[in-house]
Structures are given as structure tokens and as C-alpha cells.
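Written below as C-alpha cells is the structure these notes are about.
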Amino acid sequence: MDLIGLDIGSTGAKCIITNSDGNVMAQAYEEYSMESPISGYFELNPQIVWEAVQSIMHSVIREYNKRSTHLAGISISSFGEAAVFIDKEGRELGNSLLYIDSRGNEQLKAFIKKIEADEIIHKTGLKPHSMYTLSKLMWYREEQPDIYAKIHTFLPFGSYILYKLGAGPILDYSLASRTMAFDVRRLQWDEHIIEVAGLHKRIFPEIAALGTVVGQISLEAAQNFGLPSDFKLVLGGHDQVCAAIGAGITEEGSAVDGIGTVECITPVFSKETINQQDMASSNLALVPFIKGKYATYAFNFTGVLYSNGIEISLAMKRKWKRI
């Protein structure tokens, strides 16, 4: 049984096919560019990402078919926070706002006047910040009400690509936890936070555990990529969680250090070892992991962005942050 793994990053997508022994059968990578329409705004076009994904999937499948024909399924990881807004017809409602985009700052300030920060931290495992999806949704509700009214659901990029392949609108716990609207202990959307934010609960998608088989590939996608009709779609998760699992970091007391657009150290720990007060005072996220465990992220912005022709080193612009 051979499998496709796909990772959606903020600057490029990677695709790999491995066999049951973990041997790499084919791999490909393609970059894309974010858009910065004005200073402080950073967007990613979902269509450009989808085109890049199609390109690398076609590439690896062609290479793979020279050696074997036993592809069984695909799972997808992606960066978090940024979401694709989708209408009732399944169409994308414009570009996605990236986590470094300044929009949502003012909405967050108003939001935390209505709800205690301690409640947000206790429920979501996050210190309130405008980088999270909730703040971007509040910005659209206030500044782009016509677009907000058309939102049927929203999906982080990994779930968006699964949706394009035929899955329903669904995401895993680790990506849900990057929205600032997800209760990381009860593993469900928090209705009180959503209500205080002034958002419609109906737009929040279904959630399930990482590794859940969420369906089979659509006929259109199967024909597009030359895949079997029973090809499985498997729910992936946040890239840092998936990187930890891939590196074999699944038990308490271990951690992985991954370097990409950000450098992120991801340790794993059990529920029994969580000290909420210590987590909050250190501004560390509480992230649902696998086997009932949790993870956290200590990360540094190590990437470089270009805005209006000016190179901006995020590592220089922002010191170490643990959010």
C-alpha cells in the first residue's frame, strides 16, 4: 500500500509518495508567492496554491507510475491560522489573510474587552492574538460584510485541498486549535467565544481526529490525477504536529526542531503534566496531539518576506515569540 503525503506551506507545496516500508518513490516541490496589496497586508491566493498542488501531484504520480500502481490514499498537512472562505456553491471568496497580516488587530482589542483573556487561554490554550482565524473573521464581518454574508464555511489550507479532492468541509483538532475558537480540552468549537465574537456558528466546519478517513476521491479529481475511484482521503493536521509525528516524536519527553518559514520546537507531553498557569505565563500554546497527549510550539520567525520591493527579515523584526 503506497501513500501520498502533501504539505502546504505559506511559500510552497511539497508532495511525496512512499511505500509501506517508508521508501520514497517520488517527490516534488513548487513555490508560489504571497501578495501584499498594501503595507501590513499579506495574502495568499487559494487558486494559485491549488494550481501548484495539481502540478506537483501530476509530477509525482507520473514518476511513481513508472515503478508501481498501488496508490491507496493521501493525507495533507498545512500551516495554520490562514483560512479559505468558501460560499454555498463551493467557490473561494477571495484571498486568504496570512497570520502576519495586520487586519483583525482592532477587532481583537474590542473582543477582549467583552471576554476575559483568562477564559480564552483556559479554553483555547492560546494567548489572544490577531494572527488567529477568529480575528480575521471578525475583520471581515465589520469591514467586508458583503463577503462575510456569503461565507458558508472556512477551511485551513490542508483541509481546503482535501475539499478540492472530494472531502467535505472538515478539519482536525490541531488546525482547529489555531483559530482561537476551539476548546482544546472538550475538543469542540466554543459557542460562547463564537457568540462574543459576533460570528455565525454555522460557518464553523466539522472537526475530527487527525488520521480519520474522511471519504474517497471525487470522480473529477480521480480522472484529473489518474487515481483509482476508491482512493482514500485522510485528514491531516497542523504542519508542526505532523512534523513531530513524522520525526517519531510521539511520546512525552521528546521534541523536534523544525526550520522553515519559522523555526519551531515542538515538545510532547501528557495531559497529566499540564500546568495551565505555567503555560499561560510563558505564552505557550496548548495543542491537541495524538493518543490523548498535547504539544506546544516555541517558534521564531526565521523567514524573509518582501513587501513593496523591500526585504523584511521577520527574525530581525520580531524577537523570539512563544504564542
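In the C-alpha cells, chains take letters A, B, ... by order of appearance, with residues numbered from 1 within each chain and ligands from 1 in the order shown.
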Long-range neighbours of range 18-31 of chain A as an MDAnalysis selection string, 7 Å cut-off, only C-alpha atoms, 2 positions minimum in chain: chainID A and resid 1:4 11:16 33 52 56 59:60 63:64
Helix (DSSP H, G or I) residues, from DSSP on the backbone, in range 6-120 of chain A, as a PyMOL selection string: chain A and resi 46-65+105-111+117-120
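Distances here use only C-alpha atoms; by that measure, the residue among A:Phe225, A:Gly237, A:Glu191, A:Ala247 closest to Arg62 in chain A is A:Phe225.
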Can you list, as a PDB file with C-alpha atoms, in the first residue's frame, all residues belonging to range 145-272 of chain A that DSSP tags as strand (DSSP E)?
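Contents of selection_23.pdb, freshly written:
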```pdb
ATOM      1  CA  THR A 153     -17.652  27.709   5.800  1.00  0.00           C
ATOM      2  CA  PHE A 154     -13.908  28.243   6.114  1.00  0.00           C
ATOM      3  CA  LEU A 155     -11.020  25.810   5.878  1.00  0.00           C
ATOM      4  CA  PRO A 156      -7.280  25.937   6.598  1.00  0.00           C
ATOM      5  CA  ILE A 170     -13.694  19.193   7.857  1.00  0.00           C
ATOM      6  CA  LEU A 171     -10.520  19.847   9.829  1.00  0.00           C
ATOM      7  CA  ASP A 172      -8.601  18.173  12.614  1.00  0.00           C
ATOM      8  CA  PHE A 182     -11.686  25.776  19.713  1.00  0.00           C
ATOM      9  CA  ASP A 183     -11.869  24.254  23.192  1.00  0.00           C
ATOM     10  CA  GLN A 188     -15.198  21.125  20.129  1.00  0.00           C
ATOM     11  CA  TRP A 189     -15.968  24.663  18.997  1.00  0.00           C
ATOM     12  CA  GLU A 206     -16.905  19.723  11.238  1.00  0.00           C
ATOM     13  CA  ILE A 207     -13.928  18.545  13.280  1.00  0.00           C
ATOM     14  CA  ALA A 208     -12.368  15.100  13.698  1.00  0.00           C
ATOM     15  CA  VAL A 213     -10.576   8.691   6.737  1.00  0.00           C
ATOM     16  CA  VAL A 214     -12.970  11.406   5.558  1.00  0.00           C
ATOM     17  CA  GLY A 215     -14.023   9.940   2.230  1.00  0.00           C
ATOM     18  CA  GLN A 216     -12.907   8.867  -1.215  1.00  0.00           C
ATOM     19  CA  LYS A 232      -8.837   7.370   0.305  1.00  0.00           C
ATOM     20  CA  LEU A 233      -8.775  10.928   1.643  1.00  0.00           C
ATOM     21  CA  VAL A 234      -7.256  11.034   5.140  1.00  0.00           C
ATOM     22  CA  ALA A 255      10.690  17.240  20.925  1.00  0.00           C
ATOM     23  CA  VAL A 256      11.500  18.135  17.335  1.00  0.00           C
ATOM     24  CA  ASP A 257      13.095  21.334  15.998  1.00  0.00           C
ATOM     25  CA  GLY A 258      11.811  22.167  12.517  1.00  0.00           C
ATOM     26  CA  ILE A 259      13.121  25.009  10.365  1.00  0.00           C
ATOM     27  CA  VAL A 262       9.508  29.707  11.056  1.00  0.00           C
ATOM     28  CA  GLU A 263      11.788  27.697  13.301  1.00  0.00           C
ATOM     29  CA  CYS A 264       9.603  25.755  15.703  1.00  0.00           C
ATOM     30  CA  ILE A 265      10.440  23.494  18.631  1.00  0.00           C
ATOM     31  CA  THR A 266       7.547  21.100  19.290  1.00  0.00           C
ATOM     32  CA  PRO A 267       7.656  19.079  22.527  1.00  0.00           C
ATOM     33  CA  VAL A 268       5.048  16.465  23.501  1.00  0.00           C
ATOM     34  CA  PHE A 269       3.593  15.950  26.966  1.00  0.00           C
TER      35      PHE A 269
END
```
Å distance separating CA of Glu116 in chain A from CA of Leu137 in chain A, one decimal place: 19.5 Å
Write out as a PDB file with N, CA and C atoms, in the first residue's frame the residues lying within 10 Å of Glu142 in chain A, counting only C-alpha atoms and excluding same-chain residues fewer than 3 positions away.
```
ATOM      1  N   GLY A 104      -7.466  42.696  11.671  1.00  0.00           N
ATOM      2  CA  GLY A 104      -8.000  41.994  12.827  1.00  0.00           C
ATOM      3  C   GLY A 104      -7.493  42.545  14.142  1.00  0.00           C
ATOM      4  N   GLN A 107     -10.260  44.631  15.838  1.00  0.00           N
ATOM      5  CA  GLN A 107     -11.371  43.748  16.235  1.00  0.00           C
ATOM      6  C   GLN A 107     -10.994  42.927  17.466  1.00  0.00           C
ATOM      7  N   LEU A 137     -11.895  36.655  10.825  1.00  0.00           N
ATOM      8  CA  LEU A 137     -13.332  36.562  10.599  1.00  0.00           C
ATOM      9  C   LEU A 137     -14.055  37.793  11.139  1.00  0.00           C
ATOM     10  N   MET A 138     -13.647  38.270  12.310  1.00  0.00           N
ATOM     11  CA  MET A 138     -14.258  39.468  12.863  1.00  0.00           C
ATOM     12  C   MET A 138     -13.979  40.687  11.983  1.00  0.00           C
ATOM     13  N   TRP A 139     -12.779  40.747  11.406  1.00  0.00           N
ATOM     14  CA  TRP A 139     -12.461  41.850  10.495  1.00  0.00           C
ATOM     15  C   TRP A 139     -13.380  41.825   9.280  1.00  0.00           C
ATOM     16  N   PRO A 145     -18.645  43.212   5.049  1.00  0.00           N
ATOM     17  CA  PRO A 145     -19.867  42.473   5.404  1.00  0.00           C
ATOM     18  C   PRO A 145     -20.495  41.720   4.235  1.00  0.00           C
ATOM     19  N   ASP A 146     -20.321  42.218   3.018  1.00  0.00           N
ATOM     20  CA  ASP A 146     -20.877  41.526   1.845  1.00  0.00           C
ATOM     21  C   ASP A 146     -20.205  40.173   1.644  1.00  0.00           C
ATOM     22  N   TYR A 148     -18.510  38.532   4.103  1.00  0.00           N
ATOM     23  CA  TYR A 148     -18.812  37.732   5.289  1.00  0.00           C
ATOM     24  C   TYR A 148     -20.182  37.056   5.163  1.00  0.00           C
ATOM     25  N   GLY A 198     -19.316  37.633  17.785  1.00  0.00           N
ATOM     26  CA  GLY A 198     -20.352  38.089  16.869  1.00  0.00           C
ATOM     27  C   GLY A 198     -20.377  37.319  15.556  1.00  0.00           C
TER      28      GLY A 198
END
```
Distance of CA of Glu43 in chain A from CA of Leu97 in chain A, expressed in Å to one decimal place: 4.7 Å
Coordinates-based distance that separates CA of Tyr297 in chain A from CA of Lys114 in chain A (Å, one decimal):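 Calculated distance between CA of Lys114 in chain A and CA of Tyr297 in chain A is 27.4 Å.
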Among the residues A:His152, A:Lys271, A:Arg186, A:His70, the one that comes closest to Phe85 in chain A [using only C-alpha atoms]: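 The shortest atom-to-atom distance to Phe85 in chain A comes from A:His152.
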Which of A:Thr124, A:Ser78, A:Asn105, A:Asn95 sits closest to Gln240 in chain A [using only C-alpha atoms]: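 Closest to Gln240 in chain A of all the choices is A:Ser78.
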Counting only C-alpha atoms, the option among A:Ile17, A:Asp101, A:His192, A:Met57 closest to Pro37 in chain A: A:Asp101
Pick from A:Glu51, A:Arg67, A:Ser102, A:Ile76 nearest to Ser39 in chain A, counting only C-alpha atoms: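 Checking each of A:Glu51, A:Arg67, A:Ser102, A:Ile76 against Ser39 in chain A, counting only C-alpha atoms, the winner is A:Ser102.
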